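Asker: Hey, dropping work_22.cif in here, mmCIF, N, CA, C and O atoms:
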data_model
loop_
_atom_site.label_atom_id
_atom_site.label_comp_id
_atom_site.auth_asym_id
_atom_site.auth_seq_id
_atom_site.Cartn_x
_atom_site.Cartn_y
_atom_site.Cartn_z
N MET A 1 56.11 57.69 103.78
CA MET A 1 57.30 57.06 103.24
C MET A 1 57.20 55.56 103.48
O MET A 1 56.81 55.12 104.55
N LYS A 2 57.53 54.79 102.43
CA LYS A 2 57.56 53.34 102.53
C LYS A 2 58.91 52.84 102.05
O LYS A 2 59.47 53.36 101.09
N LEU A 3 59.42 51.83 102.73
CA LEU A 3 60.65 51.16 102.32
C LEU A 3 60.28 49.81 101.74
O LEU A 3 59.53 49.05 102.35
N ASN A 4 60.80 49.52 100.56
CA ASN A 4 60.57 48.23 99.93
C ASN A 4 61.92 47.62 99.59
O ASN A 4 62.65 48.16 98.76
N TYR A 5 62.23 46.51 100.26
CA TYR A 5 63.49 45.82 99.99
C TYR A 5 63.19 44.54 99.23
O TYR A 5 62.30 43.78 99.60
N TYR A 6 63.93 44.34 98.14
CA TYR A 6 63.75 43.16 97.30
C TYR A 6 65.02 42.32 97.38
O TYR A 6 66.00 42.61 96.68
N PRO A 7 65.04 41.30 98.25
CA PRO A 7 66.26 40.52 98.46
C PRO A 7 66.73 39.77 97.22
O PRO A 7 67.93 39.57 97.04
N ASP A 8 65.80 39.38 96.34
CA ASP A 8 66.20 38.63 95.15
C ASP A 8 67.05 39.47 94.20
O ASP A 8 67.88 38.94 93.46
N THR A 9 66.86 40.80 94.23
CA THR A 9 67.67 41.69 93.39
C THR A 9 68.57 42.60 94.21
O THR A 9 69.31 43.40 93.66
N ASP A 10 68.50 42.46 95.54
CA ASP A 10 69.26 43.30 96.46
C ASP A 10 69.06 44.78 96.16
O ASP A 10 70.00 45.56 96.08
N SER A 11 67.78 45.15 95.98
CA SER A 11 67.49 46.56 95.72
C SER A 11 66.53 47.08 96.79
O SER A 11 65.70 46.35 97.33
N LEU A 12 66.69 48.36 97.08
CA LEU A 12 65.86 49.04 98.06
C LEU A 12 65.18 50.19 97.35
O LEU A 12 65.84 50.99 96.67
N TYR A 13 63.86 50.28 97.48
CA TYR A 13 63.13 51.41 96.93
C TYR A 13 62.52 52.19 98.08
O TYR A 13 61.79 51.62 98.90
N ILE A 14 62.83 53.47 98.15
CA ILE A 14 62.28 54.35 99.17
C ILE A 14 61.19 55.16 98.48
O ILE A 14 61.47 56.02 97.64
N ASP A 15 59.96 54.84 98.81
CA ASP A 15 58.80 55.48 98.20
C ASP A 15 58.42 56.71 99.03
O ASP A 15 58.02 56.58 100.19
N LEU A 16 58.56 57.89 98.45
CA LEU A 16 58.34 59.13 99.19
C LEU A 16 56.99 59.78 98.91
O LEU A 16 56.62 60.74 99.58
N SER A 17 56.28 59.30 97.91
CA SER A 17 55.04 59.94 97.50
C SER A 17 54.12 58.93 96.82
O SER A 17 54.58 57.97 96.24
N SER A 18 52.83 59.22 96.87
CA SER A 18 51.87 58.38 96.16
C SER A 18 51.72 58.82 94.70
O SER A 18 51.08 58.13 93.91
N GLU A 19 52.32 59.95 94.36
CA GLU A 19 52.28 60.44 92.98
C GLU A 19 53.13 59.55 92.09
O GLU A 19 54.21 59.12 92.49
N PRO A 20 52.67 59.29 90.86
CA PRO A 20 53.48 58.48 89.95
C PRO A 20 54.71 59.25 89.46
O PRO A 20 54.65 60.48 89.31
N SER A 21 55.78 58.53 89.25
CA SER A 21 56.97 59.19 88.72
C SER A 21 56.84 59.32 87.21
O SER A 21 56.27 58.46 86.54
N THR A 22 57.37 60.42 86.69
CA THR A 22 57.32 60.66 85.25
C THR A 22 58.71 60.71 84.63
O THR A 22 58.85 60.63 83.43
N ARG A 23 59.72 60.85 85.49
CA ARG A 23 61.09 60.81 84.98
C ARG A 23 62.02 60.34 86.08
O ARG A 23 61.72 60.42 87.27
N SER A 24 63.17 59.83 85.65
CA SER A 24 64.17 59.31 86.57
C SER A 24 65.53 59.86 86.20
O SER A 24 65.79 60.18 85.04
N HIS A 25 66.39 59.95 87.22
CA HIS A 25 67.75 60.45 86.99
C HIS A 25 68.72 59.64 87.83
O HIS A 25 68.58 59.58 89.05
N GLU A 26 69.67 58.99 87.18
CA GLU A 26 70.70 58.24 87.91
C GLU A 26 71.75 59.23 88.40
O GLU A 26 72.44 59.86 87.62
N VAL A 27 71.85 59.36 89.72
CA VAL A 27 72.77 60.34 90.31
C VAL A 27 74.12 59.74 90.64
O VAL A 27 75.10 60.46 90.82
N SER A 28 74.16 58.43 90.74
CA SER A 28 75.38 57.69 91.01
C SER A 28 75.14 56.28 90.50
O SER A 28 73.99 55.89 90.31
N GLU A 29 76.19 55.52 90.30
CA GLU A 29 76.00 54.17 89.78
C GLU A 29 75.07 53.38 90.68
O GLU A 29 75.34 53.17 91.86
N GLY A 30 73.91 52.99 90.13
CA GLY A 30 72.95 52.18 90.87
C GLY A 30 72.05 52.95 91.81
O GLY A 30 71.31 52.35 92.58
N ILE A 31 72.08 54.28 91.76
CA ILE A 31 71.18 55.09 92.59
C ILE A 31 70.39 56.01 91.66
O ILE A 31 70.95 56.87 90.99
N VAL A 32 69.07 55.77 91.64
CA VAL A 32 68.20 56.49 90.72
C VAL A 32 67.15 57.25 91.52
O VAL A 32 66.51 56.70 92.42
N LEU A 33 66.99 58.52 91.18
CA LEU A 33 65.95 59.35 91.80
C LEU A 33 64.78 59.46 90.84
O LEU A 33 64.96 59.69 89.64
N ASP A 34 63.56 59.29 91.36
CA ASP A 34 62.34 59.39 90.56
C ASP A 34 61.62 60.70 90.92
O ASP A 34 61.55 61.07 92.10
N TYR A 35 61.08 61.36 89.89
CA TYR A 35 60.40 62.64 90.07
C TYR A 35 59.01 62.59 89.46
O TYR A 35 58.78 61.89 88.47
N ASP A 36 58.09 63.38 90.01
CA ASP A 36 56.75 63.48 89.44
C ASP A 36 56.74 64.57 88.37
O ASP A 36 57.76 65.19 88.06
N ALA A 37 55.57 64.82 87.82
CA ALA A 37 55.43 65.79 86.73
C ALA A 37 55.78 67.22 87.16
O ALA A 37 56.17 68.03 86.34
N GLU A 38 55.69 67.49 88.45
CA GLU A 38 56.01 68.82 88.99
C GLU A 38 57.49 68.95 89.38
O GLU A 38 57.91 69.99 89.87
N GLY A 39 58.24 67.87 89.21
CA GLY A 39 59.67 67.90 89.56
C GLY A 39 59.97 67.57 91.01
O GLY A 39 61.10 67.73 91.47
N ARG A 40 58.96 67.08 91.74
CA ARG A 40 59.17 66.69 93.14
C ARG A 40 59.68 65.26 93.22
O ARG A 40 59.24 64.40 92.47
N LEU A 41 60.58 65.03 94.14
CA LEU A 41 61.15 63.71 94.35
C LEU A 41 60.06 62.77 94.87
O LEU A 41 59.39 63.06 95.86
N THR A 42 59.87 61.64 94.17
CA THR A 42 58.85 60.68 94.58
C THR A 42 59.44 59.37 95.12
O THR A 42 58.76 58.64 95.82
N GLY A 43 60.69 59.08 94.76
CA GLY A 43 61.28 57.84 95.22
C GLY A 43 62.77 57.75 94.93
O GLY A 43 63.30 58.50 94.10
N ILE A 44 63.40 56.83 95.62
CA ILE A 44 64.83 56.58 95.46
C ILE A 44 65.02 55.08 95.30
O ILE A 44 64.57 54.30 96.15
N ASP A 45 65.66 54.69 94.24
CA ASP A 45 65.93 53.28 93.95
C ASP A 45 67.43 53.04 94.13
O ASP A 45 68.25 53.71 93.52
N ILE A 46 67.78 52.08 94.98
CA ILE A 46 69.17 51.79 95.29
C ILE A 46 69.46 50.33 94.95
O ILE A 46 68.94 49.42 95.59
N ASP A 47 70.28 50.11 93.91
CA ASP A 47 70.72 48.77 93.54
C ASP A 47 71.89 48.36 94.43
O ASP A 47 72.63 49.22 94.91
N ASN A 48 72.07 47.07 94.64
CA ASN A 48 73.13 46.55 95.50
C ASN A 48 73.08 47.20 96.88
O ASN A 48 74.09 47.62 97.43
N ALA A 49 71.88 47.27 97.42
CA ALA A 49 71.65 47.99 98.68
C ALA A 49 72.48 47.44 99.83
O ALA A 49 72.96 48.21 100.67
N SER A 50 72.67 46.14 99.89
CA SER A 50 73.42 45.58 101.02
C SER A 50 74.87 46.06 101.02
O SER A 50 75.48 46.19 102.07
N HIS A 51 75.41 46.36 99.86
CA HIS A 51 76.79 46.85 99.78
C HIS A 51 76.87 48.35 99.97
O HIS A 51 77.83 48.85 100.55
N LYS A 52 75.88 49.07 99.50
CA LYS A 52 75.92 50.53 99.58
C LYS A 52 75.46 51.07 100.92
O LYS A 52 75.89 52.14 101.34
N ILE A 53 74.57 50.33 101.58
CA ILE A 53 74.02 50.84 102.84
C ILE A 53 74.48 50.01 104.03
O ILE A 53 74.95 50.54 105.02
N LEU A 54 74.35 48.69 103.92
CA LEU A 54 74.62 47.85 105.08
C LEU A 54 76.10 47.65 105.36
O LEU A 54 76.53 47.73 106.50
N THR A 55 76.91 47.43 104.35
CA THR A 55 78.34 47.18 104.55
C THR A 55 79.04 48.35 105.26
O THR A 55 79.78 48.12 106.21
N PRO A 56 78.80 49.60 104.85
CA PRO A 56 79.46 50.71 105.54
C PRO A 56 79.06 50.86 107.01
O PRO A 56 79.75 51.50 107.77
N LEU A 57 77.93 50.26 107.41
CA LEU A 57 77.47 50.38 108.78
C LEU A 57 78.14 49.38 109.72
O LEU A 57 77.93 49.43 110.92
N GLY A 58 78.94 48.49 109.16
CA GLY A 58 79.72 47.57 109.99
C GLY A 58 78.88 46.72 110.92
O GLY A 58 78.02 45.97 110.48
N ASP A 59 79.11 46.84 112.21
CA ASP A 59 78.47 46.00 113.22
C ASP A 59 76.95 46.12 113.23
O ASP A 59 76.26 45.23 113.71
N HIS A 60 76.41 47.20 112.73
CA HIS A 60 74.97 47.40 112.75
C HIS A 60 74.27 46.81 111.53
O HIS A 60 73.06 46.82 111.45
N SER A 61 75.04 46.26 110.60
CA SER A 61 74.43 45.75 109.37
C SER A 61 73.48 44.59 109.64
O SER A 61 72.46 44.46 108.98
N GLY A 62 73.78 43.75 110.60
CA GLY A 62 72.90 42.63 110.92
C GLY A 62 71.52 43.10 111.38
O GLY A 62 70.50 42.53 111.00
N GLU A 63 71.51 44.14 112.19
CA GLU A 63 70.24 44.69 112.66
C GLU A 63 69.43 45.23 111.49
O GLU A 63 68.21 45.04 111.43
N LEU A 64 70.09 45.91 110.57
CA LEU A 64 69.37 46.47 109.43
C LEU A 64 68.91 45.40 108.47
O LEU A 64 67.84 45.51 107.87
N ARG A 65 69.68 44.33 108.30
CA ARG A 65 69.23 43.22 107.46
C ARG A 65 67.96 42.61 108.03
O ARG A 65 67.03 42.27 107.31
N GLU A 66 67.93 42.45 109.36
CA GLU A 66 66.75 41.89 110.01
C GLU A 66 65.55 42.81 109.82
O GLU A 66 64.45 42.35 109.50
N LEU A 67 65.75 44.11 109.96
CA LEU A 67 64.68 45.07 109.75
C LEU A 67 64.19 45.03 108.30
O LEU A 67 62.99 45.01 108.05
N ALA A 68 65.12 44.96 107.35
CA ALA A 68 64.75 44.91 105.94
C ALA A 68 63.94 43.65 105.64
O ALA A 68 62.98 43.70 104.87
N SER A 69 64.30 42.54 106.27
CA SER A 69 63.55 41.29 106.06
C SER A 69 62.12 41.42 106.60
O SER A 69 61.18 40.92 105.98
N LYS A 70 61.98 42.09 107.73
CA LYS A 70 60.64 42.29 108.30
C LYS A 70 59.81 43.18 107.39
O LYS A 70 58.62 42.94 107.20
N ILE A 71 60.44 44.22 106.82
CA ILE A 71 59.73 45.12 105.92
C ILE A 71 59.28 44.38 104.68
O ILE A 71 58.17 44.55 104.20
N ALA A 72 60.18 43.53 104.15
CA ALA A 72 59.87 42.79 102.93
C ALA A 72 58.77 41.76 103.15
O ALA A 72 58.12 41.34 102.21
N GLY A 73 58.57 41.39 104.40
CA GLY A 73 57.50 40.44 104.71
C GLY A 73 58.01 39.08 104.71
O GLY A 73 57.66 38.06 104.49
#
Take the structure from the file and write it as structure tokens.
Answerer:
Amino acid sequence: MKLNYYPDTDSLYIDLSSEPSTRSHEVSEGIVLDYDAEGRLTGIDIDNASHKILTPLGDHSGELRELASKIAG
């Protein structure tokens, strides 16, 4: 599993597989699940990640922002 955070678009991609995705399904506004040809989940794309993930965490959001910055390089 790899986490890819893109601060310029505030999106987080959780890469769960090395298999290429062949279809996507938006399960909620700004949350898209990617599947391979066999129907296995290969990734999760989260738009506006800082609002969907970090804001609800309250006091811990700063720690996660720092971690996301380290992941992004």
Asker: Using Å and a single decimal, report how far atom O of Asp36 in chain A sits from atom O of Pro7 in chain A.
Answerer: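 If I compute the distance from atom O of Pro7 in chain A to atom O of Asp36 in chain A, I get 29.0 Å.
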Asker: Determine the residue membership of the PyMOL selection byres (((chain A and resi 44-46 and name CA) around 8) and name CA) for the file above and supply it as a list of chain:residue names.
Answerer: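 Checking the PyMOL selection byres (((chain A and resi 44-46 and name CA) around 8) and name CA) against this file, the residues are A:Ser11, A:Leu12, A:Tyr13, A:Ile14, A:Asp15, A:Leu16, A:Gly30, A:Ile31, A:Val32, A:Leu33, A:Asp34, A:Thr42, A:Gly43, A:Asp47, A:Asn48, A:Ala49.
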Asker: Distance atom N of Ser17 in chain A-atom C of Met1 in chain A, one decimal place?
Answerer: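 One can read the atom N of Ser17 in chain A to atom C of Met1 in chain A distance as 6.8 Å.
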Asker: Enter the distance from atom N of Pro20 in chain A to atom O of Asp8 in chain A, in Å, rounded to one decimal.
Answerer: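 So the two atoms, atom N of Pro20 in chain A and atom O of Asp8 in chain A, lie 25.5 Å apart.
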